[in-house]
>>> print(open('model02.cif').read())   # mmCIF, N, CA and C atoms
data_data
loop_
_atom_site.label_atom_id
_atom_site.label_comp_id
_atom_site.auth_asym_id
_atom_site.auth_seq_id
_atom_site.Cartn_x
_atom_site.Cartn_y
_atom_site.Cartn_z
N GLU A 1 -49.89 -40.18 -12.50
CA GLU A 1 -49.40 -40.88 -11.32
C GLU A 1 -47.90 -41.16 -11.41
N GLN A 2 -47.43 -41.47 -12.61
CA GLN A 2 -46.03 -41.79 -12.75
C GLN A 2 -45.16 -40.53 -12.56
N GLY A 3 -45.69 -39.35 -12.90
CA GLY A 3 -44.96 -38.10 -12.71
C GLY A 3 -44.71 -37.83 -11.24
N LYS A 4 -45.67 -38.19 -10.40
CA LYS A 4 -45.51 -37.98 -8.96
C LYS A 4 -44.47 -38.92 -8.39
N ALA A 5 -44.32 -40.08 -8.98
CA ALA A 5 -43.37 -41.06 -8.46
C ALA A 5 -41.93 -40.62 -8.72
N ASN A 6 -41.69 -39.86 -9.77
CA ASN A 6 -40.34 -39.41 -10.10
C ASN A 6 -39.93 -38.13 -9.37
N ARG A 7 -40.89 -37.46 -8.79
CA ARG A 7 -40.56 -36.21 -8.09
C ARG A 7 -39.95 -36.51 -6.73
N PRO A 8 -38.98 -35.62 -6.30
CA PRO A 8 -38.41 -35.82 -4.96
C PRO A 8 -39.45 -35.50 -3.90
N SER A 9 -39.30 -36.17 -2.80
CA SER A 9 -40.25 -35.94 -1.71
C SER A 9 -39.96 -34.59 -1.04
N ARG A 10 -40.91 -34.14 -0.28
CA ARG A 10 -40.74 -32.89 0.47
C ARG A 10 -39.52 -32.98 1.40
N CYS A 11 -39.32 -34.11 1.99
CA CYS A 11 -38.19 -34.33 2.89
C CYS A 11 -36.86 -34.24 2.13
N ASP A 12 -36.83 -34.80 0.90
CA ASP A 12 -35.61 -34.72 0.07
C ASP A 12 -35.29 -33.28 -0.31
N ILE A 13 -36.32 -32.52 -0.69
CA ILE A 13 -36.12 -31.11 -1.05
C ILE A 13 -35.62 -30.33 0.15
N ARG A 14 -36.22 -30.57 1.29
CA ARG A 14 -35.80 -29.87 2.52
C ARG A 14 -34.33 -30.18 2.83
N SER A 15 -33.94 -31.44 2.73
CA SER A 15 -32.55 -31.84 2.99
C SER A 15 -31.59 -31.17 2.00
N ALA A 16 -32.00 -31.11 0.73
CA ALA A 16 -31.16 -30.48 -0.29
C ALA A 16 -31.01 -28.99 -0.01
N LEU A 17 -32.09 -28.33 0.39
CA LEU A 17 -32.03 -26.89 0.70
C LEU A 17 -31.19 -26.61 1.94
N VAL A 18 -31.27 -27.47 2.93
CA VAL A 18 -30.43 -27.31 4.12
C VAL A 18 -28.96 -27.47 3.75
N ALA A 19 -28.65 -28.44 2.92
CA ALA A 19 -27.26 -28.65 2.48
C ALA A 19 -26.77 -27.46 1.65
N LEU A 20 -27.62 -26.95 0.77
CA LEU A 20 -27.26 -25.78 -0.03
C LEU A 20 -27.02 -24.57 0.86
N ASP A 21 -27.90 -24.35 1.82
CA ASP A 21 -27.76 -23.22 2.75
C ASP A 21 -26.46 -23.34 3.54
N SER A 22 -26.16 -24.52 3.99
CA SER A 22 -24.93 -24.74 4.75
C SER A 22 -23.70 -24.50 3.88
N ALA A 23 -23.72 -25.00 2.66
CA ALA A 23 -22.58 -24.80 1.75
C ALA A 23 -22.42 -23.31 1.41
N TRP A 24 -23.54 -22.63 1.19
CA TRP A 24 -23.49 -21.20 0.87
C TRP A 24 -22.94 -20.40 2.06
N ALA A 25 -23.38 -20.71 3.26
CA ALA A 25 -22.89 -20.02 4.46
C ALA A 25 -21.40 -20.27 4.64
N SER A 26 -20.94 -21.47 4.37
CA SER A 26 -19.52 -21.79 4.46
C SER A 26 -18.72 -20.99 3.42
N PHE A 27 -19.24 -20.91 2.20
CA PHE A 27 -18.59 -20.12 1.15
C PHE A 27 -18.51 -18.65 1.56
N GLU A 28 -19.62 -18.10 2.03
CA GLU A 28 -19.64 -16.69 2.44
C GLU A 28 -18.63 -16.43 3.56
N HIS A 29 -18.56 -17.33 4.52
CA HIS A 29 -17.63 -17.16 5.63
C HIS A 29 -16.19 -17.12 5.12
N LYS A 30 -15.83 -18.08 4.26
CA LYS A 30 -14.48 -18.12 3.70
C LYS A 30 -14.19 -16.85 2.88
N TYR A 31 -15.16 -16.42 2.11
CA TYR A 31 -15.01 -15.23 1.27
C TYR A 31 -14.80 -13.98 2.12
N ILE A 32 -15.61 -13.81 3.15
CA ILE A 32 -15.49 -12.65 4.03
C ILE A 32 -14.15 -12.68 4.77
N MET A 33 -13.73 -13.85 5.23
CA MET A 33 -12.46 -13.96 5.94
C MET A 33 -11.30 -13.60 5.00
N GLU A 34 -11.39 -14.01 3.76
CA GLU A 34 -10.35 -13.67 2.79
C GLU A 34 -10.32 -12.16 2.53
N LEU A 35 -11.49 -11.54 2.42
CA LEU A 35 -11.54 -10.09 2.24
C LEU A 35 -10.94 -9.36 3.45
N ILE A 36 -11.22 -9.85 4.63
CA ILE A 36 -10.67 -9.24 5.85
C ILE A 36 -9.15 -9.37 5.84
N GLU A 37 -8.65 -10.52 5.43
CA GLU A 37 -7.20 -10.74 5.37
C GLU A 37 -6.54 -9.81 4.35
N ILE A 38 -7.17 -9.65 3.19
CA ILE A 38 -6.64 -8.74 2.16
C ILE A 38 -6.62 -7.31 2.69
N GLU A 39 -7.69 -6.90 3.33
CA GLU A 39 -7.76 -5.55 3.90
C GLU A 39 -6.68 -5.35 4.96
N GLU A 40 -6.48 -6.37 5.79
CA GLU A 40 -5.46 -6.29 6.84
C GLU A 40 -4.06 -6.14 6.24
N LYS A 41 -3.77 -6.89 5.19
CA LYS A 41 -2.47 -6.79 4.54
C LYS A 41 -2.28 -5.40 3.93
N ALA A 42 -3.32 -4.89 3.28
CA ALA A 42 -3.23 -3.56 2.68
C ALA A 42 -3.05 -2.49 3.76
N ARG A 43 -3.79 -2.61 4.83
CA ARG A 43 -3.67 -1.65 5.93
C ARG A 43 -2.27 -1.69 6.52
N ARG A 44 -1.72 -2.88 6.64
CA ARG A 44 -0.37 -3.04 7.20
C ARG A 44 0.66 -2.28 6.36
N LEU A 45 0.52 -2.33 5.03
CA LEU A 45 1.44 -1.60 4.16
C LEU A 45 1.33 -0.09 4.37
N VAL A 46 0.11 0.39 4.50
CA VAL A 46 -0.10 1.83 4.72
C VAL A 46 0.43 2.24 6.08
N VAL A 47 0.13 1.46 7.10
CA VAL A 47 0.61 1.77 8.45
C VAL A 47 2.13 1.78 8.49
N GLN A 48 2.74 0.83 7.81
CA GLN A 48 4.21 0.77 7.77
C GLN A 48 4.78 2.03 7.12
N ALA A 49 4.17 2.49 6.04
CA ALA A 49 4.63 3.72 5.38
C ALA A 49 4.46 4.93 6.30
N ILE A 50 3.36 4.99 7.02
CA ILE A 50 3.12 6.09 7.96
C ILE A 50 4.17 6.08 9.06
N GLU A 51 4.48 4.91 9.58
CA GLU A 51 5.49 4.81 10.64
C GLU A 51 6.87 5.26 10.13
N ARG A 52 7.21 4.87 8.91
CA ARG A 52 8.48 5.29 8.33
C ARG A 52 8.52 6.82 8.18
N GLU A 53 7.42 7.38 7.71
CA GLU A 53 7.36 8.83 7.51
C GLU A 53 7.47 9.57 8.85
N ARG A 54 6.83 9.05 9.86
CA ARG A 54 6.93 9.67 11.19
C ARG A 54 8.35 9.60 11.73
N HIS A 55 9.01 8.48 11.49
CA HIS A 55 10.39 8.36 11.95
C HIS A 55 11.29 9.35 11.22
N LEU A 56 11.06 9.53 9.92
CA LEU A 56 11.80 10.54 9.17
C LEU A 56 11.57 11.93 9.77
N ASP A 57 10.32 12.23 10.09
CA ASP A 57 9.99 13.53 10.71
C ASP A 57 10.73 13.71 12.02
N SER A 58 10.79 12.66 12.82
CA SER A 58 11.45 12.78 14.12
C SER A 58 12.95 13.02 13.95
N ILE A 59 13.54 12.42 12.94
CA ILE A 59 14.96 12.66 12.67
C ILE A 59 15.15 14.12 12.23
N GLU A 60 14.27 14.60 11.35
CA GLU A 60 14.36 15.99 10.88
C GLU A 60 14.14 16.97 12.02
N ASP A 61 13.25 16.62 12.96
CA ASP A 61 12.92 17.52 14.07
C ASP A 61 14.09 17.72 15.03
N ARG A 62 15.05 16.83 14.97
CA ARG A 62 16.23 16.99 15.83
C ARG A 62 17.10 18.16 15.37
N LYS A 63 16.74 18.72 14.22
CA LYS A 63 17.41 19.90 13.65
C LYS A 63 18.91 19.69 13.47
N MET A 64 19.24 18.54 12.95
CA MET A 64 20.65 18.27 12.67
C MET A 64 21.05 19.05 11.42
N GLN A 65 22.30 19.45 11.37
CA GLN A 65 22.81 20.13 10.19
C GLN A 65 22.82 19.14 9.02
N ASN A 66 22.38 19.60 7.88
CA ASN A 66 22.37 18.82 6.66
C ASN A 66 21.90 17.38 6.90
N VAL A 67 20.65 17.25 7.20
CA VAL A 67 20.05 15.96 7.56
C VAL A 67 20.26 14.89 6.49
N PHE A 68 20.41 15.30 5.25
CA PHE A 68 20.59 14.34 4.16
C PHE A 68 21.94 13.63 4.23
N GLN A 69 22.87 14.19 4.96
CA GLN A 69 24.18 13.58 5.11
C GLN A 69 24.22 12.59 6.28
N GLN A 70 23.18 12.57 7.09
CA GLN A 70 23.13 11.68 8.25
C GLN A 70 22.79 10.26 7.81
N ALA A 71 23.60 9.31 8.24
CA ALA A 71 23.40 7.90 7.85
C ALA A 71 22.03 7.38 8.31
N GLU A 72 21.63 7.76 9.51
CA GLU A 72 20.33 7.30 10.04
C GLU A 72 19.19 7.81 9.16
N PHE A 73 19.27 9.07 8.76
CA PHE A 73 18.22 9.66 7.91
C PHE A 73 18.19 8.98 6.55
N ARG A 74 19.36 8.80 5.96
CA ARG A 74 19.41 8.19 4.63
C ARG A 74 18.88 6.75 4.65
N GLU A 75 19.20 6.01 5.70
CA GLU A 75 18.70 4.64 5.81
C GLU A 75 17.18 4.62 5.98
N GLU A 76 16.68 5.52 6.81
CA GLU A 76 15.22 5.58 7.01
C GLU A 76 14.53 6.06 5.74
N LEU A 77 15.15 6.99 5.03
CA LEU A 77 14.59 7.45 3.77
C LEU A 77 14.56 6.32 2.75
N ARG A 78 15.63 5.51 2.72
CA ARG A 78 15.66 4.36 1.82
C ARG A 78 14.51 3.40 2.14
N ARG A 79 14.29 3.15 3.42
CA ARG A 79 13.19 2.26 3.84
C ARG A 79 11.83 2.85 3.47
N PHE A 80 11.69 4.16 3.68
CA PHE A 80 10.43 4.84 3.38
C PHE A 80 10.13 4.76 1.88
N VAL A 81 11.11 5.06 1.06
CA VAL A 81 10.92 5.02 -0.39
C VAL A 81 10.60 3.60 -0.85
N ALA A 82 11.28 2.62 -0.29
CA ALA A 82 10.99 1.22 -0.64
C ALA A 82 9.56 0.85 -0.24
N CYS A 83 9.14 1.35 0.89
CA CYS A 83 7.79 1.09 1.38
C CYS A 83 6.74 1.70 0.43
N ILE A 84 6.96 2.94 0.04
CA ILE A 84 6.04 3.62 -0.88
C ILE A 84 6.05 2.95 -2.25
N ALA A 85 7.23 2.57 -2.72
CA ALA A 85 7.32 1.90 -4.02
C ALA A 85 6.57 0.57 -3.99
N HIS A 86 6.72 -0.18 -2.92
CA HIS A 86 6.00 -1.46 -2.80
C HIS A 86 4.50 -1.21 -2.75
N LEU A 87 4.08 -0.23 -1.98
CA LEU A 87 2.67 0.12 -1.88
C LEU A 87 2.13 0.49 -3.26
N ASN A 88 2.89 1.27 -4.01
CA ASN A 88 2.50 1.66 -5.37
C ASN A 88 2.35 0.44 -6.28
N SER A 89 3.28 -0.48 -6.15
CA SER A 89 3.25 -1.65 -7.05
C SER A 89 2.07 -2.57 -6.76
N VAL A 90 1.69 -2.70 -5.50
CA VAL A 90 0.57 -3.60 -5.18
C VAL A 90 -0.78 -2.91 -5.28
N ALA A 91 -0.79 -1.58 -5.21
CA ALA A 91 -2.06 -0.85 -5.23
C ALA A 91 -2.55 -0.62 -6.65
N ASN A 92 -1.69 -0.71 -7.63
CA ASN A 92 -2.07 -0.42 -8.99
C ASN A 92 -2.72 -1.65 -9.61
N VAL A 93 -4.01 -1.58 -9.83
CA VAL A 93 -4.76 -2.74 -10.32
C VAL A 93 -4.49 -3.03 -11.80
N ARG A 94 -3.91 -2.10 -12.51
CA ARG A 94 -3.62 -2.32 -13.92
C ARG A 94 -2.19 -2.82 -14.12
N ARG A 95 -1.54 -3.16 -13.03
CA ARG A 95 -0.18 -3.71 -13.06
C ARG A 95 0.83 -2.72 -13.67
N LYS A 96 0.59 -1.44 -13.47
CA LYS A 96 1.52 -0.44 -13.97
C LYS A 96 2.26 0.24 -12.83
N GLY A 97 2.07 -0.24 -11.61
CA GLY A 97 2.76 0.33 -10.47
C GLY A 97 4.23 -0.03 -10.51
N ARG A 98 5.07 0.89 -10.07
CA ARG A 98 6.51 0.67 -10.12
C ARG A 98 7.05 0.51 -8.72
N ASP A 99 8.01 -0.38 -8.61
CA ASP A 99 8.73 -0.50 -7.34
C ASP A 99 10.23 -0.54 -7.58
N ASP A 100 10.62 -0.10 -8.78
CA ASP A 100 12.04 -0.18 -9.15
C ASP A 100 12.80 1.13 -8.95
N LEU A 101 12.14 2.17 -8.47
CA LEU A 101 12.82 3.44 -8.26
C LEU A 101 13.26 3.55 -6.81
N GLY A 102 14.54 3.77 -6.62
CA GLY A 102 15.09 3.86 -5.28
C GLY A 102 15.14 5.28 -4.78
N MET A 103 15.75 5.44 -3.62
CA MET A 103 15.79 6.76 -3.00
C MET A 103 16.69 7.72 -3.77
N GLU A 104 17.57 7.20 -4.62
CA GLU A 104 18.45 8.07 -5.40
C GLU A 104 17.64 9.01 -6.28
N VAL A 105 16.55 8.51 -6.85
CA VAL A 105 15.69 9.34 -7.69
C VAL A 105 15.10 10.47 -6.85
N LEU A 106 14.64 10.15 -5.66
CA LEU A 106 14.09 11.16 -4.77
C LEU A 106 15.15 12.17 -4.36
N LEU A 107 16.33 11.69 -4.01
CA LEU A 107 17.41 12.60 -3.62
C LEU A 107 17.81 13.52 -4.76
N ASP A 108 17.90 12.98 -5.98
CA ASP A 108 18.22 13.82 -7.14
C ASP A 108 17.16 14.89 -7.36
N ALA A 109 15.89 14.51 -7.21
CA ALA A 109 14.81 15.48 -7.38
C ALA A 109 14.87 16.56 -6.30
N MET A 110 15.15 16.15 -5.07
CA MET A 110 15.25 17.11 -3.97
C MET A 110 16.44 18.06 -4.17
N GLN A 111 17.56 17.52 -4.63
CA GLN A 111 18.72 18.37 -4.89
C GLN A 111 18.43 19.37 -6.01
N THR A 112 17.73 18.92 -7.02
CA THR A 112 17.35 19.82 -8.11
C THR A 112 16.46 20.94 -7.60
N LEU A 113 15.50 20.60 -6.76
CA LEU A 113 14.62 21.63 -6.18
C LEU A 113 15.41 22.61 -5.32
N CYS A 114 16.36 22.10 -4.55
CA CYS A 114 17.19 22.98 -3.71
C CYS A 114 18.01 23.93 -4.58
N ARG A 115 18.57 23.40 -5.67
CA ARG A 115 19.34 24.26 -6.57
C ARG A 115 18.45 25.33 -7.18
N CYS A 116 17.25 24.95 -7.57
CA CYS A 116 16.31 25.92 -8.13
C CYS A 116 15.97 27.00 -7.10
N ASP A 117 15.69 26.56 -5.87
CA ASP A 117 15.38 27.51 -4.80
C ASP A 117 16.55 28.44 -4.54
N ASP A 118 17.76 27.88 -4.48
CA ASP A 118 18.95 28.70 -4.23
C ASP A 118 19.17 29.72 -5.34
N GLU A 119 18.98 29.28 -6.58
CA GLU A 119 19.20 30.19 -7.70
C GLU A 119 18.11 31.25 -7.76
N GLU A 120 16.88 30.90 -7.41
CA GLU A 120 15.82 31.89 -7.36
C GLU A 120 16.08 32.91 -6.26
N LYS A 121 16.59 32.46 -5.14
CA LYS A 121 16.94 33.37 -4.05
C LYS A 121 18.08 34.29 -4.45
N GLY A 122 18.95 33.77 -5.30
CA GLY A 122 20.09 34.54 -5.78
C GLY A 122 19.71 35.50 -6.89
N GLY A 123 18.47 35.51 -7.28
CA GLY A 123 18.00 36.45 -8.30
C GLY A 123 17.95 35.89 -9.69
N GLU A 124 18.35 34.65 -9.88
CA GLU A 124 18.29 34.05 -11.21
C GLU A 124 16.89 33.52 -11.47
N ASN A 125 16.50 33.54 -12.68
CA ASN A 125 15.20 33.05 -13.08
C ASN A 125 15.27 31.53 -13.24
N SER A 126 14.29 30.82 -12.70
CA SER A 126 14.31 29.36 -12.78
C SER A 126 14.14 28.85 -14.20
N GLU A 127 13.64 29.71 -15.10
CA GLU A 127 13.47 29.27 -16.48
C GLU A 127 14.81 29.08 -17.17
N LYS A 128 15.85 29.74 -16.69
CA LYS A 128 17.18 29.58 -17.26
C LYS A 128 17.77 28.21 -16.97
N LEU A 129 17.23 27.53 -15.96
CA LEU A 129 17.76 26.22 -15.56
C LEU A 129 17.38 25.12 -16.53
N ALA A 130 16.32 25.32 -17.25
CA ALA A 130 15.82 24.27 -18.13
C ALA A 130 16.63 24.03 -19.34
#
>>> encode(input="model02.cif", output="structure tokens")
Amino acid sequence: EQGKANRPSRCDIRSALVALDSAWASFEHKYIMELIEIEEKARRLVVQAIERERHLDSIEDRKMQNVFQQAEFREELRRFVACIAHLNSVANVRRKGRDDLGMEVLLDAMQTLCRCDDEEKGGENSEKLA
């Protein structure tokens, strides 16, 4: 008889379960909203990079002579590279993403490729460049 006196009543258990259910639903809602916000931020970074790349394409499509010398192109390229670098830094879950490389690295690589292409067209072997 004394064991029954210490047990919570059916009404108390029901109230506790309703409170637990309500707290759990509130937690789930906050958690889902946070996931949606994280996804939105990540999508925004990707969309921004796509927009930058499209703008670069539109500048190139104008068929300007030596597009790399155009201030508008270089500025948009700088923005695009910064965008990709930032995306790389936040997307790398092991914290090894880099955002410290600027457009100069890309320009140097592109110039090297152009030199290789020019020398190959001129009949030189690209292995001699190394």
>>> atom_distance(input="model02.cif", atom1="atom N of Ile84 of chain A", atom2="atom CA of Lys41 of chain A")
14.3 Å
>>> atom_distance(input="model02.cif", atom1="atom N of Phe80 of chain A", atom2="atom C of Gln48 of chain A")
8.0 Å
>>> atom_distance(input="model02.cif", atom1="atom CA of Ala91 of chain A", atom2="atom CA of Glu34 of chain A")
17.2 Å
>>> axis_aligned_box(input="model02.cif", around="segment 57-66 of chain A", padding_each_side="8 Å", output="lines of an AutoDock Vina configuration file")
center_x = 16.4
center_y = 16.2
center_z = 11.2
size_x = 28.8
size_y = 23.9
size_z = 25.2
>>> closest_residue(input="model02.cif", among="A:Leu35, A:Ala25, A:Val18, A:Val105", to="Ala82 of chain A", atoms="only C-alpha atoms")
A:Val105
>>> closest_residue(input="model02.cif", among="A:Arg7, A:Lys63, A:His55, A:Arg44", to="His86 of chain A", atoms="only C-alpha atoms")
A:Arg44
>>> resolve_selection(input="model02.cif", expression="the PyMOL selection byres (((chain A and resi 52 and name CA) around 8) and name CA)", output="MDAnalysis selection string")
chainID A and resid 48:51 53:56 76:77 79:80
>>> select_by_dssp(input="model02.cif", residues="segment 53-105 of chain A", states="alpha helix (DSSP H)", output="ChimeraX atom specification")
/A:53-61,71-91,103-105
>>> write_last_selection(input="model02.cif", atoms="N, CA and C atoms", output="CSV table (one decimal), keeping the file's coordinate frame")
chain,number,residue,atom,x,y,z
A,53,GLU,N,7.4,7.4,7.7
A,53,GLU,CA,7.4,8.8,7.5
A,53,GLU,C,7.5,9.6,8.8
A,54,ARG,N,6.8,9.0,9.9
A,54,ARG,CA,6.9,9.7,11.2
A,54,ARG,C,8.4,9.6,11.7
A,55,HIS,N,9.0,8.5,11.5
A,55,HIS,CA,10.4,8.4,12.0
A,55,HIS,C,11.3,9.4,11.2
A,56,LEU,N,11.1,9.5,9.9
A,56,LEU,CA,11.8,10.5,9.2
A,56,LEU,C,11.6,11.9,9.8
A,57,ASP,N,10.3,12.2,10.1
A,57,ASP,CA,10.0,13.5,10.7
A,57,ASP,C,10.7,13.7,12.0
A,58,SER,N,10.8,12.7,12.8
A,58,SER,CA,11.4,12.8,14.1
A,58,SER,C,13.0,13.0,14.0
A,59,ILE,N,13.5,12.4,12.9
A,59,ILE,CA,15.0,12.7,12.7
A,59,ILE,C,15.2,14.1,12.2
A,60,GLU,N,14.3,14.6,11.4
A,60,GLU,CA,14.4,16.0,10.9
A,60,GLU,C,14.1,17.0,12.0
A,61,ASP,N,13.2,16.6,13.0
A,61,ASP,CA,12.9,17.5,14.1
A,61,ASP,C,14.1,17.7,15.0
A,71,ALA,N,23.6,9.3,8.2
A,71,ALA,CA,23.4,7.9,7.8
A,71,ALA,C,22.0,7.4,8.3
A,72,GLU,N,21.6,7.8,9.5
A,72,GLU,CA,20.3,7.3,10.0
A,72,GLU,C,19.2,7.8,9.2
A,73,PHE,N,19.3,9.1,8.8
A,73,PHE,CA,18.2,9.7,7.9
A,73,PHE,C,18.2,9.0,6.6
A,74,ARG,N,19.4,8.8,6.0
A,74,ARG,CA,19.4,8.2,4.6
A,74,ARG,C,18.9,6.8,4.6
A,75,GLU,N,19.2,6.0,5.7
A,75,GLU,CA,18.7,4.6,5.8
A,75,GLU,C,17.2,4.6,6.0
A,76,GLU,N,16.7,5.5,6.8
A,76,GLU,CA,15.2,5.6,7.0
A,76,GLU,C,14.5,6.1,5.7
A,77,LEU,N,15.2,7.0,5.0
A,77,LEU,CA,14.6,7.4,3.8
A,77,LEU,C,14.6,6.3,2.8
A,78,ARG,N,15.6,5.5,2.7
A,78,ARG,CA,15.7,4.4,1.8
A,78,ARG,C,14.5,3.4,2.1
A,79,ARG,N,14.3,3.2,3.4
A,79,ARG,CA,13.2,2.3,3.8
A,79,ARG,C,11.8,2.8,3.5
A,80,PHE,N,11.7,4.2,3.7
A,80,PHE,CA,10.4,4.8,3.4
A,80,PHE,C,10.1,4.8,1.9
A,81,VAL,N,11.1,5.1,1.1
A,81,VAL,CA,10.9,5.0,-0.4
A,81,VAL,C,10.6,3.6,-0.8
A,82,ALA,N,11.3,2.6,-0.3
A,82,ALA,CA,11.0,1.2,-0.6
A,82,ALA,C,9.6,0.8,-0.2
A,83,CYS,N,9.1,1.4,0.9
A,83,CYS,CA,7.8,1.1,1.4
A,83,CYS,C,6.7,1.7,0.4
A,84,ILE,N,7.0,2.9,0.0
A,84,ILE,CA,6.0,3.6,-0.9
A,84,ILE,C,6.0,3.0,-2.2
A,85,ALA,N,7.2,2.6,-2.7
A,85,ALA,CA,7.3,1.9,-4.0
A,85,ALA,C,6.6,0.6,-4.0
A,86,HIS,N,6.7,-0.2,-2.9
A,86,HIS,CA,6.0,-1.5,-2.8
A,86,HIS,C,4.5,-1.2,-2.8
A,87,LEU,N,4.1,-0.2,-2.0
A,87,LEU,CA,2.7,0.1,-1.9
A,87,LEU,C,2.1,0.5,-3.3
A,88,ASN,N,2.9,1.3,-4.0
A,88,ASN,CA,2.5,1.7,-5.4
A,88,ASN,C,2.4,0.4,-6.3
A,89,SER,N,3.3,-0.5,-6.2
A,89,SER,CA,3.2,-1.6,-7.0
A,89,SER,C,2.1,-2.6,-6.8
A,90,VAL,N,1.7,-2.7,-5.5
A,90,VAL,CA,0.6,-3.6,-5.2
A,90,VAL,C,-0.8,-2.9,-5.3
A,91,ALA,N,-0.8,-1.6,-5.2
A,91,ALA,CA,-2.1,-0.8,-5.2
A,91,ALA,C,-2.6,-0.6,-6.6
A,103,MET,N,15.8,5.4,-3.6
A,103,MET,CA,15.8,6.8,-3.0
A,103,MET,C,16.7,7.7,-3.8
A,104,GLU,N,17.6,7.2,-4.6
A,104,GLU,CA,18.4,8.1,-5.4
A,104,GLU,C,17.6,9.0,-6.3
A,105,VAL,N,16.6,8.5,-6.8
A,105,VAL,CA,15.7,9.3,-7.7
A,105,VAL,C,15.1,10.5,-6.8
>>> residues_around(input="model02.cif", residues="Ala85 of chain A", least_positions_apart="2", cutoff="8 Å", atoms="only N, CA and C atoms", output="list in words")
Arg79, Phe80, Val81, Ala82, Cys83, Leu87, Asn88, Ser89, Val90, Ala91, Gly97, Arg98, Asp99, Asp100, Leu101 and Gly102 of chain A
>>> build_atoms(input="model02.cif", residues="segment 67-81 of chain A", atoms="N, CA, C and O atoms", output="mmCIF file, in the coordinates of the input")
data_model
loop_
_atom_site.group_PDB
_atom_site.id
_atom_site.type_symbol
_atom_site.label_atom_id
_atom_site.label_comp_id
_atom_site.auth_asym_id
_atom_site.auth_seq_id
_atom_site.Cartn_x
_atom_site.Cartn_y
_atom_site.Cartn_z
ATOM 1 N N VAL A 67 20.650 17.250 7.200
ATOM 2 C CA VAL A 67 20.050 15.960 7.560
ATOM 3 C C VAL A 67 20.260 14.890 6.490
ATOM 4 O O VAL A 67 20.356 13.711 6.790
ATOM 5 N N PHE A 68 20.410 15.300 5.250
ATOM 6 C CA PHE A 68 20.590 14.340 4.160
ATOM 7 C C PHE A 68 21.940 13.630 4.230
ATOM 8 O O PHE A 68 22.126 12.579 3.638
ATOM 9 N N GLN A 69 22.870 14.190 4.960
ATOM 10 C CA GLN A 69 24.180 13.580 5.110
ATOM 11 C C GLN A 69 24.220 12.590 6.280
ATOM 12 O O GLN A 69 25.188 11.864 6.435
ATOM 13 N N GLN A 70 23.180 12.570 7.090
ATOM 14 C CA GLN A 70 23.130 11.680 8.250
ATOM 15 C C GLN A 70 22.790 10.260 7.810
ATOM 16 O O GLN A 70 21.808 10.037 7.103
ATOM 17 N N ALA A 71 23.600 9.310 8.240
ATOM 18 C CA ALA A 71 23.400 7.900 7.850
ATOM 19 C C ALA A 71 22.030 7.380 8.310
ATOM 20 O O ALA A 71 21.358 6.670 7.566
ATOM 21 N N GLU A 72 21.630 7.760 9.510
ATOM 22 C CA GLU A 72 20.330 7.300 10.040
ATOM 23 C C GLU A 72 19.190 7.810 9.160
ATOM 24 O O GLU A 72 18.265 7.069 8.826
ATOM 25 N N PHE A 73 19.270 9.070 8.760
ATOM 26 C CA PHE A 73 18.220 9.660 7.910
ATOM 27 C C PHE A 73 18.190 8.980 6.550
ATOM 28 O O PHE A 73 17.128 8.615 6.055
ATOM 29 N N ARG A 74 19.360 8.800 5.960
ATOM 30 C CA ARG A 74 19.410 8.190 4.630
ATOM 31 C C ARG A 74 18.880 6.750 4.650
ATOM 32 O O ARG A 74 18.175 6.331 3.750
ATOM 33 N N GLU A 75 19.200 6.010 5.700
ATOM 34 C CA GLU A 75 18.700 4.640 5.810
ATOM 35 C C GLU A 75 17.180 4.620 5.980
ATOM 36 O O GLU A 75 16.483 3.827 5.360
ATOM 37 N N GLU A 76 16.680 5.520 6.810
ATOM 38 C CA GLU A 76 15.220 5.580 7.010
ATOM 39 C C GLU A 76 14.530 6.060 5.740
ATOM 40 O O GLU A 76 13.447 5.578 5.398
ATOM 41 N N LEU A 77 15.150 6.990 5.030
ATOM 42 C CA LEU A 77 14.590 7.450 3.770
ATOM 43 C C LEU A 77 14.560 6.320 2.750
ATOM 44 O O LEU A 77 13.586 6.145 2.018
ATOM 45 N N ARG A 78 15.630 5.510 2.720
ATOM 46 C CA ARG A 78 15.660 4.360 1.820
ATOM 47 C C ARG A 78 14.510 3.400 2.140
ATOM 48 O O ARG A 78 13.799 2.935 1.249
ATOM 49 N N ARG A 79 14.290 3.150 3.420
ATOM 50 C CA ARG A 79 13.190 2.260 3.840
ATOM 51 C C ARG A 79 11.830 2.850 3.470
ATOM 52 O O ARG A 79 10.932 2.139 3.033
ATOM 53 N N PHE A 80 11.690 4.160 3.680
ATOM 54 C CA PHE A 80 10.430 4.840 3.380
ATOM 55 C C PHE A 80 10.130 4.760 1.880
ATOM 56 O O PHE A 80 9.020 4.416 1.477
ATOM 57 N N VAL A 81 11.110 5.060 1.060
ATOM 58 C CA VAL A 81 10.920 5.020 -0.390
ATOM 59 C C VAL A 81 10.600 3.600 -0.850
ATOM 60 O O VAL A 81 9.708 3.391 -1.678
#
